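Asks: The following file, query.cif, comprises mmCIF, C-alpha atoms:
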```
data_final
loop_
_atom_site.label_atom_id
_atom_site.label_comp_id
_atom_site.auth_asym_id
_atom_site.auth_seq_id
_atom_site.Cartn_x
_atom_site.Cartn_y
_atom_site.Cartn_z
CA MET Y 1427 14.49 2.91 -17.58
CA LEU Y 1428 15.57 4.61 -14.38
CA THR Y 1429 19.29 5.13 -13.79
CA PHE Y 1430 21.00 6.51 -10.70
CA GLU Y 1431 24.55 7.73 -10.26
CA VAL Y 1432 26.20 8.98 -7.10
CA GLN Y 1433 28.09 12.16 -8.01
CA LYS Y 1434 29.76 12.87 -4.67
CA GLN Y 1435 29.97 11.39 -1.18
CA GLU Y 1436 30.26 13.93 1.63
CA LYS Y 1437 33.36 13.50 3.77
CA ASN Y 1438 31.83 13.74 7.24
CA THR Y 1439 28.40 12.11 6.82
CA MET Y 1440 26.55 9.49 4.77
CA ALA Y 1441 25.07 12.28 2.61
CA ARG Y 1442 25.63 12.09 -1.12
CA LEU Y 1443 24.77 13.93 -4.32
CA GLY Y 1444 23.15 11.95 -7.11
CA TYR Y 1445 21.52 12.07 -10.52
CA LEU Y 1446 18.26 10.16 -10.81
CA LYS Y 1447 17.31 9.85 -14.47
CA THR Y 1448 13.89 8.78 -15.74
CA SER Y 1449 12.30 9.04 -19.17
CA HIS Y 1450 10.91 12.41 -18.01
CA GLY Y 1451 14.15 14.06 -17.03
CA ILE Y 1452 17.00 14.23 -14.53
CA VAL Y 1453 16.31 14.71 -10.82
CA GLU Y 1454 19.18 15.94 -8.66
CA THR Y 1455 19.25 14.24 -5.27
CA PRO Y 1456 18.74 14.62 -2.36
CA VAL Y 1457 15.24 15.70 -3.40
CA PHE Y 1458 11.91 16.53 -1.80
CA MET Y 1459 8.89 15.37 -3.81
CA PRO Y 1460 5.64 17.38 -3.51
CA VAL Y 1461 2.62 15.14 -3.01
CA GLY Y 1462 -0.13 15.17 -5.63
CA THR Y 1463 -2.38 12.54 -4.08
CA GLN Y 1464 -5.22 12.72 -6.61
CA ALA Y 1465 -3.13 13.58 -9.69
CA THR Y 1466 -2.79 17.18 -8.51
CA VAL Y 1467 -0.64 18.95 -5.97
CA LYS Y 1468 -3.35 20.80 -4.07
CA ALA Y 1469 -3.63 24.51 -5.03
CA MET Y 1470 -0.81 24.25 -7.61
CA THR Y 1471 -0.73 24.12 -11.41
CA PRO Y 1472 1.95 22.07 -13.19
CA ASP Y 1473 3.53 25.28 -14.48
CA GLU Y 1474 3.79 26.62 -10.94
CA LEU Y 1475 5.41 23.40 -9.76
CA GLU Y 1476 7.95 23.69 -12.54
CA GLU Y 1477 8.58 27.34 -11.66
CA ILE Y 1478 9.43 26.56 -8.03
CA GLY Y 1479 11.92 23.89 -9.14
CA ALA Y 1480 9.97 20.66 -8.69
CA LYS Y 1481 11.28 17.84 -10.88
CA ILE Y 1482 9.35 14.87 -9.49
CA ILE Y 1483 6.00 14.56 -7.69
CA LEU Y 1484 4.15 11.74 -5.97
CA SER Y 1485 0.63 10.47 -6.64
CA ASN Y 1486 -1.39 7.88 -4.75
CA THR Y 1487 -2.46 4.54 -6.17
CA TYR Y 1488 -5.26 3.95 -3.65
CA HIS Y 1489 -7.04 7.23 -4.37
CA LEU Y 1490 -6.59 7.05 -8.15
CA TYR Y 1491 -7.80 3.44 -8.23
CA LEU Y 1492 -11.04 4.48 -6.52
CA ARG Y 1493 -11.44 7.75 -8.41
CA PRO Y 1494 -11.32 8.27 -11.39
CA GLY Y 1495 -10.02 4.72 -11.93
CA HIS Y 1496 -6.73 3.48 -13.35
CA ARG Y 1497 -8.30 2.37 -16.63
CA LEU Y 1498 -9.57 5.86 -17.36
CA ILE Y 1499 -6.11 7.30 -16.68
CA GLU Y 1500 -4.60 4.65 -18.92
CA LYS Y 1501 -6.99 5.67 -21.71
CA ALA Y 1502 -5.91 9.28 -21.22
CA GLY Y 1503 -2.32 8.25 -21.93
CA GLY Y 1504 -1.12 7.76 -18.37
CA LEU Y 1505 -0.70 10.06 -15.39
CA HIS Y 1506 1.70 12.48 -17.08
CA ARG Y 1507 -0.73 13.34 -19.87
CA PHE Y 1508 -3.79 13.13 -17.66
CA MET Y 1509 -2.46 15.75 -15.25
CA GLY Y 1510 -0.39 17.76 -17.71
CA TRP Y 1511 2.89 17.22 -15.85
CA LYS Y 1512 6.11 16.98 -17.86
CA GLY Y 1513 8.38 15.93 -15.01
CA SER Y 1514 8.81 12.59 -13.31
CA VAL Y 1515 6.12 10.87 -11.24
CA LEU Y 1516 6.29 8.33 -8.43
CA THR Y 1517 3.20 6.42 -7.31
CA ASP Y 1518 3.08 4.80 -3.89
CA SER Y 1519 1.35 1.45 -3.59
CA GLY Y 1520 -1.62 2.77 -1.61
CA GLY Y 1521 -0.78 0.43 1.25
CA PHE Y 1522 -0.58 3.21 3.83
CA GLN Y 1523 -4.02 4.55 2.84
CA ILE Y 1524 -5.58 1.10 2.87
CA PHE Y 1525 -4.38 0.54 6.41
CA SER Y 1526 -4.94 4.06 7.75
CA LEU Y 1527 -8.26 5.03 6.16
CA ASN Y 1528 -10.11 1.76 6.47
CA LYS Y 1529 -11.14 0.25 9.78
CA LEU Y 1530 -13.01 -2.51 7.95
CA ARG Y 1531 -10.18 -4.40 6.30
CA SER Y 1532 -8.75 -7.89 6.36
CA ILE Y 1533 -5.23 -8.91 5.42
CA SER Y 1534 -4.06 -12.30 4.23
CA GLU Y 1535 -1.06 -13.60 2.33
CA GLU Y 1536 -3.18 -13.44 -0.81
CA GLY Y 1537 -3.93 -9.71 -0.50
CA VAL Y 1538 -6.01 -7.15 1.32
CA GLU Y 1539 -9.76 -6.61 1.38
CA PHE Y 1540 -10.96 -3.13 2.29
CA THR Y 1541 -13.90 -0.77 2.21
CA SER Y 1542 -13.79 2.36 0.05
CA HIS Y 1543 -13.80 5.53 2.15
CA LEU Y 1544 -15.83 7.14 -0.66
CA ASP Y 1545 -18.90 4.92 -1.00
CA GLY Y 1546 -18.43 1.92 1.26
CA SER Y 1547 -17.89 -0.52 -1.62
CA ARG Y 1548 -15.74 -3.58 -0.94
CA HIS Y 1549 -12.50 -4.23 -2.81
CA PHE Y 1550 -9.89 -6.99 -2.81
CA ILE Y 1551 -6.39 -6.16 -4.04
CA THR Y 1552 -3.56 -8.65 -4.49
CA PRO Y 1553 0.07 -7.68 -5.16
CA GLU Y 1554 -0.55 -8.69 -8.78
CA ASP Y 1555 -3.59 -6.40 -8.96
CA ASN Y 1556 -1.55 -3.58 -7.47
CA MET Y 1557 1.06 -3.95 -10.20
CA LYS Y 1558 -1.62 -3.91 -12.91
CA ILE Y 1559 -3.03 -0.70 -11.44
CA GLN Y 1560 0.35 1.03 -11.22
CA ASN Y 1561 1.35 -0.21 -14.68
CA ALA Y 1562 -1.83 1.39 -16.02
CA LEU Y 1563 -1.12 4.67 -14.21
CA GLY Y 1564 2.26 4.79 -15.92
CA ALA Y 1565 4.44 6.52 -13.30
CA ASP Y 1566 8.22 6.50 -13.71
CA ILE Y 1567 8.72 4.94 -10.27
CA ILE Y 1568 6.25 2.57 -8.62
CA MET Y 1569 6.23 0.94 -5.20
CA ALA Y 1570 5.72 -2.65 -4.13
CA LEU Y 1571 2.62 -3.33 -2.03
CA ASP Y 1572 3.50 -3.46 1.67
CA GLU Y 1573 1.80 -3.49 5.04
CA CYS Y 1574 2.47 -0.30 6.97
CA VAL Y 1575 2.74 -1.22 10.64
CA PRO Y 1576 1.38 1.21 13.26
CA TYR Y 1577 3.45 2.48 16.17
CA PRO Y 1578 3.73 1.07 18.71
CA ALA Y 1579 3.29 -2.58 17.69
CA ASP Y 1580 4.46 -5.77 19.38
CA TYR Y 1581 7.38 -7.77 18.05
CA GLU Y 1582 5.47 -10.79 16.76
CA TYR Y 1583 3.01 -8.64 14.81
CA VAL Y 1584 5.81 -6.62 13.22
CA LYS Y 1585 7.66 -9.82 12.31
CA ARG Y 1586 4.58 -11.33 10.61
CA SER Y 1587 4.02 -8.04 8.79
CA MET Y 1588 7.63 -7.96 7.62
CA GLU Y 1589 7.34 -11.49 6.24
CA LEU Y 1590 4.13 -10.55 4.45
CA THR Y 1591 5.75 -7.45 2.93
CA LEU Y 1592 8.67 -9.57 1.68
CA CYS Y 1593 6.27 -12.11 0.18
CA TRP Y 1594 4.32 -9.35 -1.55
CA ALA Y 1595 7.53 -7.70 -2.78
CA LYS Y 1596 8.57 -10.89 -4.56
CA ARG Y 1597 5.13 -11.29 -6.11
CA CYS Y 1598 5.09 -7.63 -7.20
CA LYS Y 1599 8.42 -8.05 -8.96
CA GLU Y 1600 7.22 -11.19 -10.74
CA ALA Y 1601 3.96 -9.49 -11.80
CA HIS Y 1602 5.51 -6.17 -12.87
CA GLY Y 1603 4.46 -5.73 -16.51
CA ARG Y 1604 6.55 -2.69 -17.48
CA PRO Y 1605 10.07 -3.16 -16.10
CA ASP Y 1606 11.62 -1.39 -19.09
CA ASP Y 1607 10.01 2.00 -18.40
CA GLN Y 1608 8.80 1.79 -14.79
CA ALA Y 1609 11.23 1.29 -11.90
CA LEU Y 1610 9.78 -0.83 -9.09
CA PHE Y 1611 11.15 -0.01 -5.62
CA GLY Y 1612 11.12 -2.48 -2.75
CA ILE Y 1613 10.19 -1.32 0.76
CA VAL Y 1614 12.07 -2.14 3.96
CA GLN Y 1615 9.85 -2.65 6.98
CA GLY Y 1616 10.44 -3.98 10.49
CA GLY Y 1617 9.14 -1.26 12.76
CA THR Y 1618 11.61 -0.06 15.38
CA TYR Y 1619 13.09 -3.53 15.99
CA ARG Y 1620 16.70 -3.56 14.85
CA ASP Y 1621 16.94 -7.27 14.02
CA LEU Y 1622 13.76 -7.11 11.94
CA ARG Y 1623 14.91 -4.00 10.07
CA VAL Y 1624 18.25 -5.65 9.33
CA GLU Y 1625 16.61 -8.85 8.13
CA SER Y 1626 14.06 -6.94 6.03
CA ALA Y 1627 16.79 -4.83 4.42
CA LYS Y 1628 19.00 -7.81 3.57
CA ARG Y 1629 16.18 -9.91 2.14
CA THR Y 1630 14.66 -7.00 0.20
CA VAL Y 1631 18.06 -6.21 -1.33
CA GLU Y 1632 18.39 -9.86 -2.36
CA LEU Y 1633 15.32 -9.35 -4.58
CA ASP Y 1634 17.38 -6.79 -6.54
CA PHE Y 1635 15.13 -3.77 -7.05
CA PRO Y 1636 16.20 -0.61 -8.92
CA GLY Y 1637 15.67 1.38 -5.71
CA TYR Y 1638 14.70 0.96 -2.07
CA ALA Y 1639 12.37 2.74 0.32
CA VAL Y 1640 12.44 2.78 4.09
CA GLY Y 1641 8.80 2.52 5.16
CA GLY Y 1642 6.97 2.38 8.46
CA LEU Y 1643 8.67 5.44 9.97
CA SER Y 1644 7.25 8.85 10.87
CA VAL Y 1645 4.12 7.05 12.10
CA GLY Y 1646 4.17 8.28 15.68
CA GLU Y 1647 7.61 7.35 16.99
CA GLU Y 1648 10.00 9.98 18.37
CA LYS Y 1649 12.23 11.51 15.72
CA GLU Y 1650 15.34 10.30 17.52
CA VAL Y 1651 14.03 6.75 17.19
CA MET Y 1652 13.52 7.27 13.45
CA TYR Y 1653 17.06 8.62 13.08
CA GLU Y 1654 18.46 5.63 14.97
CA VAL Y 1655 16.62 3.21 12.66
CA LEU Y 1656 18.01 5.04 9.62
CA GLU Y 1657 21.55 4.91 10.97
CA TYR Y 1658 21.64 1.12 10.98
CA THR Y 1659 19.28 0.50 8.05
CA THR Y 1660 20.57 2.82 5.32
CA PRO Y 1661 24.10 1.30 5.22
CA LEU Y 1662 22.51 -2.06 4.36
CA LEU Y 1663 21.02 -0.64 1.15
CA PRO Y 1664 23.06 -0.64 -2.09
CA TYR Y 1665 25.27 2.41 -2.45
CA ASP Y 1666 24.57 2.73 -6.17
CA LYS Y 1667 20.77 2.75 -5.92
CA PRO Y 1668 18.39 5.47 -4.69
CA ARG Y 1669 17.15 5.40 -1.11
CA TYR Y 1670 13.71 6.81 -0.33
CA LEU Y 1671 12.35 7.70 3.12
CA MET Y 1672 8.58 7.65 2.85
CA GLY Y 1673 6.29 10.27 4.39
CA VAL Y 1674 8.89 12.65 5.85
CA GLY Y 1675 8.94 16.40 5.14
CA SER Y 1676 9.74 18.59 8.15
CA PRO Y 1677 12.91 20.63 7.62
CA ASP Y 1678 14.80 19.01 10.50
CA ALA Y 1679 13.93 15.48 9.36
CA LEU Y 1680 14.98 16.25 5.79
CA ILE Y 1681 18.41 17.39 6.93
CA GLU Y 1682 18.81 14.51 9.38
CA GLY Y 1683 17.68 12.01 6.75
CA VAL Y 1684 20.18 13.30 4.21
CA ILE Y 1685 22.96 13.08 6.79
CA ARG Y 1686 22.04 9.40 7.18
CA GLY Y 1687 22.22 8.68 3.44
CA ILE Y 1688 18.64 9.22 2.22
CA ASP Y 1689 18.16 10.54 -1.33
CA MET Y 1690 14.39 10.99 -1.70
CA PHE Y 1691 11.60 12.30 0.54
CA ASP Y 1692 7.87 13.06 0.27
CA CYS Y 1693 5.25 14.44 2.63
CA VAL Y 1694 1.90 16.25 2.64
CA LEU Y 1695 3.10 18.48 5.50
CA PRO Y 1696 3.99 21.64 3.52
CA THR Y 1697 0.75 21.73 1.54
CA ARG Y 1698 -1.48 20.71 4.46
CA ILE Y 1699 -0.21 23.33 6.90
CA ALA Y 1700 -0.26 25.95 4.12
CA ARG Y 1701 -4.01 25.50 3.66
CA ASN Y 1702 -4.41 26.04 7.40
CA GLY Y 1703 -2.45 29.28 7.36
CA THR Y 1704 0.97 28.14 8.57
CA VAL Y 1705 4.12 28.85 6.58
CA MET Y 1706 7.75 27.83 6.97
CA THR Y 1707 10.30 30.62 6.95
CA SER Y 1708 14.06 30.84 7.39
CA ARG Y 1709 13.39 31.85 10.99
CA GLY Y 1710 10.80 29.22 11.83
CA LYS Y 1711 7.08 28.69 11.53
CA LEU Y 1712 4.74 31.61 11.05
CA VAL Y 1713 0.97 31.38 11.60
CA ILE Y 1714 -0.13 34.04 9.16
CA ARG Y 1715 -3.71 34.17 10.49
CA ASN Y 1716 -2.48 35.70 13.74
CA ALA Y 1717 -3.44 39.31 14.48
CA GLU Y 1718 0.20 40.36 14.86
CA TYR Y 1719 0.56 40.27 11.05
CA ALA Y 1720 -2.45 42.50 10.27
CA GLU Y 1721 -0.18 45.47 9.54
CA ASP Y 1722 3.01 43.60 8.68
CA PHE Y 1723 3.97 44.59 5.14
CA ARG Y 1724 7.06 42.42 4.89
CA PRO Y 1725 7.03 39.27 2.73
CA LEU Y 1726 6.41 35.91 4.37
CA ASP Y 1727 10.17 35.35 4.30
CA GLU Y 1728 12.59 38.05 3.26
CA GLU Y 1729 15.08 35.37 2.15
CA CYS Y 1730 12.61 33.56 -0.13
CA ASP Y 1731 12.46 33.95 -3.92
CA CYS Y 1732 8.98 32.49 -4.49
CA TYR Y 1733 6.14 34.29 -6.28
CA ALA Y 1734 4.27 34.92 -3.04
CA CYS Y 1735 7.25 36.52 -1.30
CA LYS Y 1736 8.27 38.61 -4.28
CA ASN Y 1737 4.80 40.11 -4.76
CA PHE Y 1738 2.73 40.10 -1.56
CA SER Y 1739 2.93 41.06 2.11
CA ARG Y 1740 2.10 39.18 5.26
CA ALA Y 1741 -0.74 41.63 5.84
CA TYR Y 1742 -2.27 40.89 2.44
CA ILE Y 1743 -1.98 37.12 2.74
CA ARG Y 1744 -3.47 37.28 6.26
CA HIS Y 1745 -6.34 39.32 4.83
CA LEU Y 1746 -6.93 36.61 2.19
CA PHE Y 1747 -7.10 33.91 4.85
CA LYS Y 1748 -9.46 35.93 7.04
CA ALA Y 1749 -11.68 36.63 3.99
CA GLY Y 1750 -11.73 32.96 3.00
CA GLU Y 1751 -10.18 33.62 -0.40
CA ILE Y 1752 -8.80 30.70 -2.44
CA LEU Y 1753 -5.69 32.70 -3.26
CA ALA Y 1754 -4.62 32.48 0.39
CA ALA Y 1755 -4.07 28.73 0.23
CA ARG Y 1756 -2.44 29.02 -3.18
CA LEU Y 1757 0.14 31.59 -2.09
CA ALA Y 1758 0.95 29.79 1.15
CA THR Y 1759 1.34 26.49 -0.73
CA ILE Y 1760 3.62 28.02 -3.36
CA HIS Y 1761 5.76 29.43 -0.57
CA ASN Y 1762 6.00 26.26 1.55
CA LEU Y 1763 6.88 24.02 -1.37
CA ARG Y 1764 9.46 26.48 -2.68
CA PHE Y 1765 10.89 26.74 0.85
CA LEU Y 1766 11.53 22.98 1.02
CA ILE Y 1767 12.80 22.74 -2.56
CA LYS Y 1768 15.17 25.63 -1.85
CA LEU Y 1769 16.22 23.90 1.36
CA MET Y 1770 17.17 20.82 -0.68
CA GLU Y 1771 19.12 23.02 -3.10
CA ASN Y 1772 21.04 24.46 -0.14
CA ILE Y 1773 21.62 20.98 1.26
CA ARG Y 1774 23.05 19.84 -2.08
CA GLN Y 1775 25.36 22.86 -2.14
CA ALA Y 1776 26.53 22.11 1.41
CA ILE Y 1777 27.31 18.52 0.40
CA LYS Y 1778 29.35 19.80 -2.54
CA GLU Y 1779 31.38 21.92 -0.12
CA ASP Y 1780 31.64 19.15 2.54
CA ARG Y 1781 29.95 21.41 5.12
CA LEU Y 1782 26.58 19.75 5.71
CA LEU Y 1783 27.03 19.49 9.49
CA ASP Y 1784 27.87 23.19 9.65
CA PHE Y 1785 24.83 23.95 7.50
CA LYS Y 1786 22.64 21.90 9.84
CA LYS Y 1787 23.87 23.82 12.88
CA GLU Y 1788 23.30 27.18 11.18
CA PHE Y 1789 19.85 26.22 9.89
CA PHE Y 1790 18.67 24.71 13.19
CA THR Y 1791 19.77 27.77 15.16
CA LYS Y 1792 18.07 30.19 12.79
CA TYR Y 1793 14.90 28.14 12.34
CA GLY Y 1794 14.35 27.72 16.04
CA TYR Y 1795 15.11 24.05 16.61
CA GLU Y 1796 17.75 25.05 19.14
CA ARG Y 1797 14.89 26.60 21.13
CA GLY Y 1798 12.85 23.43 20.94
CA GLU Y 1799 10.41 24.70 18.31
CA GLU Y 1800 8.74 22.21 15.98
CA ALA Y 1801 8.45 22.26 12.18
#
```
What would the structure in this file look like if it were written as structure tokens?

Replies:
Amino acid sequence: MLTFEVQKQEKNTMARLGYLKTSHGIVETPVFMPVGTQATVKAMTPDELEEIGAKIILSNTYHLYLRPGHRLIEKAGGLHRFMGWKGSVLTDSGGFQIFSLNKLRSISEEGVEFTSHLDGSRHFITPEDNMKIQNALGADIIMALDECVPYPADYEYVKRSMELTLCWAKRCKEAHGRPDDQALFGIVQGGTYRDLRVESAKRTVELDFPGYAVGGLSVGEEKEVMYEVLEYTTPLLPYDKPRYLMGVGSPDALIEGVIRGIDMFDCVLPTRIARNGTVMTSRGKLVIRNAEYAEDFRPLDEECDCYACKNFSRAYIRHLFKAGEILAARLATIHNLRFLIKLMENIRQAIKEDRLLDFKKEFFTKYGYERGEEA
């Protein structure tokens, strides 16, 4: 069963160091979780993930339910054996994908009916079905089914959605078939409406989950709005349980989220932009396809210790992208994921030394945020 222990609370912020323990090892928090949507982190092998310091990854219930199917994965011995990953795994409920990938869907208190984006087949999933699927997948941490509200959305719609998410959360907890070895997290919703967020947080906490996620953010709202929501929502979550901000992975948002008491993050951002030829460096974004790097024989980031930076130049990696070589995406992905995992290591060290706000200022200035540049 999952256990979580706060090791240190930073003096000047809500940031804290923690140990998250599952049956597949200890995860130091705050942590960034690489996303392996279809039981693979795109362009990475499990050994490479381990080498860059990843301890926990995320997979997606919606995609795995449709292909190859949760029963096949169960027969294979669960996700860990199926994908050859020795570390911890978190599966999201698939709610975000159901609501973002499917225009033909209908939602009721009973569940959600949707059309497969693969073959157009119709499916109906209840909270109880969702638990059966995630129980079969066998992840260490699983998520309650929720409705992810778009931004912007009117108050009455968000309120109805919040009530539905709370109803589903209770049903998920009652239907959870493996509470001894799978930790079920509840999800706080409520959009950007303070009273709804507060109510959702209080009522979700009353259901007593092993951990809590803040959902429905990073869906189009300004980052300052997201930070404001976190400032009044996170303090309502139990101090002694992990707090997970879903779908966030830009360097600035990771630091700001940690300052506001978040322990866990995930996002497809680093792998997605890597495949398109964009890498994160200590001095900001770098679009490696650009002609200016054709004769640049420095590593992607001279401060990085990843395989790509230790062995290859910007000129070579640009050449790979221009030639359409698979290795281009692999090297850029290795670098971006290591960059964020290293960032979290540095954040944890700053918390230990009670200097996270100083670290933020130094990082933002160097990365380019002070100049208004984006992640």

Asks: So which residues are close to (-9.3, 30.0, 1.3), meaning at most 12 Å away in the file's coordinates with all atoms listed in the file counted, and can you show them as a ChimeraX atom specification?

Replies: /Y:1469,1700-1703,1715,1743-1759

Asks: Let me know the residues the PyMOL selection byres ((chain Y and resi 1504) around 12) catches in the file above, as a PDB file with C-alpha atoms, in the frame of the given file.

Replies:
```pdb
ATOM      1  CA  ALA Y1465      -3.130  13.580  -9.690  1.00  0.00           C
ATOM      2  CA  LEU Y1490      -6.590   7.050  -8.150  1.00  0.00           C
ATOM      3  CA  GLY Y1495     -10.020   4.720 -11.930  1.00  0.00           C
ATOM      4  CA  HIS Y1496      -6.730   3.480 -13.350  1.00  0.00           C
ATOM      5  CA  ARG Y1497      -8.300   2.370 -16.630  1.00  0.00           C
ATOM      6  CA  LEU Y1498      -9.570   5.860 -17.360  1.00  0.00           C
ATOM      7  CA  ILE Y1499      -6.110   7.300 -16.680  1.00  0.00           C
ATOM      8  CA  GLU Y1500      -4.600   4.650 -18.920  1.00  0.00           C
ATOM      9  CA  LYS Y1501      -6.990   5.670 -21.710  1.00  0.00           C
ATOM     10  CA  ALA Y1502      -5.910   9.280 -21.220  1.00  0.00           C
ATOM     11  CA  GLY Y1503      -2.320   8.250 -21.930  1.00  0.00           C
ATOM     12  CA  LEU Y1505      -0.700  10.060 -15.390  1.00  0.00           C
ATOM     13  CA  HIS Y1506       1.700  12.480 -17.080  1.00  0.00           C
ATOM     14  CA  ARG Y1507      -0.730  13.340 -19.870  1.00  0.00           C
ATOM     15  CA  PHE Y1508      -3.790  13.130 -17.660  1.00  0.00           C
ATOM     16  CA  MET Y1509      -2.460  15.750 -15.250  1.00  0.00           C
ATOM     17  CA  GLY Y1510      -0.390  17.760 -17.710  1.00  0.00           C
ATOM     18  CA  TRP Y1511       2.890  17.220 -15.850  1.00  0.00           C
ATOM     19  CA  LYS Y1512       6.110  16.980 -17.860  1.00  0.00           C
ATOM     20  CA  VAL Y1515       6.120  10.870 -11.240  1.00  0.00           C
ATOM     21  CA  THR Y1517       3.200   6.420  -7.310  1.00  0.00           C
ATOM     22  CA  ILE Y1559      -3.030  -0.700 -11.440  1.00  0.00           C
ATOM     23  CA  GLN Y1560       0.350   1.030 -11.220  1.00  0.00           C
ATOM     24  CA  ASN Y1561       1.350  -0.210 -14.680  1.00  0.00           C
ATOM     25  CA  ALA Y1562      -1.830   1.390 -16.020  1.00  0.00           C
ATOM     26  CA  LEU Y1563      -1.120   4.670 -14.210  1.00  0.00           C
ATOM     27  CA  GLY Y1564       2.260   4.790 -15.920  1.00  0.00           C
ATOM     28  CA  ALA Y1565       4.440   6.520 -13.300  1.00  0.00           C
ATOM     29  CA  ASP Y1566       8.220   6.500 -13.710  1.00  0.00           C
TER      30      ASP Y1566
END
```

Asks: Counting only C-alpha atoms, which residue out of Y:Met1652, Y:Met1690, Y:Val1457, Y:Cys1574 sits closest to Tyr1670 of chain Y?

Replies: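 Answer, going by the shortest atom-to-atom distance: Y:Met1690.
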
Asks: For the file shown, report as a ChimeraX atom specification the outcome of the PyMOL selection byres ((chain Y and resi 1542-1552) around 12) at residue level.

Replies: /Y:1487-1494,1519-1521,1523-1541,1553-1559,1570-1572,1590-1591,1593-1595,1597-1598,1601

Asks: Taking the file as shown, what set of residues would the PyMOL selection byres ((chain Y and resi 1448) around 7) give back, as a ChimeraX atom specification?

Replies: /Y:1427-1429,1446-1447,1449-1452,1514,1566

Asks: Please, what distance in Å, to one decimal, runs between atom CA of Thr1660 of chain Y and atom CA of Phe1790 of chain Y?

Replies: 23.3 Å

Asks: Kindly reconstruct segment 1475-1487 of chain Y with N, CA and C atoms and present the result as a CSV table (one decimal), keeping the file's coordinate frame.

Replies:
```csv
chain,number,residue,atom,x,y,z
Y,1475,LEU,N,4.5,24.4,-10.3
Y,1475,LEU,CA,5.4,23.4,-9.8
Y,1475,LEU,C,6.8,23.5,-10.5
Y,1476,GLU,N,6.7,23.6,-11.8
Y,1476,GLU,CA,8.0,23.7,-12.5
Y,1476,GLU,C,8.7,25.0,-12.2
Y,1477,GLU,N,8.0,26.1,-12.0
Y,1477,GLU,CA,8.6,27.3,-11.7
Y,1477,GLU,C,9.3,27.3,-10.3
Y,1478,ILE,N,8.8,26.6,-9.3
Y,1478,ILE,CA,9.4,26.6,-8.0
Y,1478,ILE,C,10.6,25.5,-8.0
Y,1479,GLY,N,10.8,24.8,-9.1
Y,1479,GLY,CA,11.9,23.9,-9.1
Y,1479,GLY,C,11.6,22.4,-8.9
Y,1480,ALA,N,10.3,22.1,-8.9
Y,1480,ALA,CA,10.0,20.7,-8.7
Y,1480,ALA,C,10.3,19.9,-9.9
Y,1481,LYS,N,10.9,18.7,-9.8
Y,1481,LYS,CA,11.3,17.8,-10.9
Y,1481,LYS,C,10.5,16.5,-10.8
Y,1482,ILE,N,10.1,16.1,-9.7
Y,1482,ILE,CA,9.4,14.9,-9.5
Y,1482,ILE,C,8.3,15.1,-8.4
Y,1483,ILE,N,7.1,14.5,-8.7
Y,1483,ILE,CA,6.0,14.6,-7.7
Y,1483,ILE,C,5.5,13.2,-7.4
Y,1484,LEU,N,4.7,13.0,-6.4
Y,1484,LEU,CA,4.2,11.7,-6.0
Y,1484,LEU,C,2.6,11.8,-6.1
Y,1485,SER,N,2.1,10.7,-6.6
Y,1485,SER,CA,0.6,10.5,-6.6
Y,1485,SER,C,0.3,9.2,-5.9
Y,1486,ASN,N,-1.0,9.0,-5.6
Y,1486,ASN,CA,-1.4,7.9,-4.8
Y,1486,ASN,C,-2.3,6.9,-5.5
Y,1487,THR,N,-1.8,5.6,-5.5
Y,1487,THR,CA,-2.5,4.5,-6.2
Y,1487,THR,C,-3.9,4.3,-5.6
```
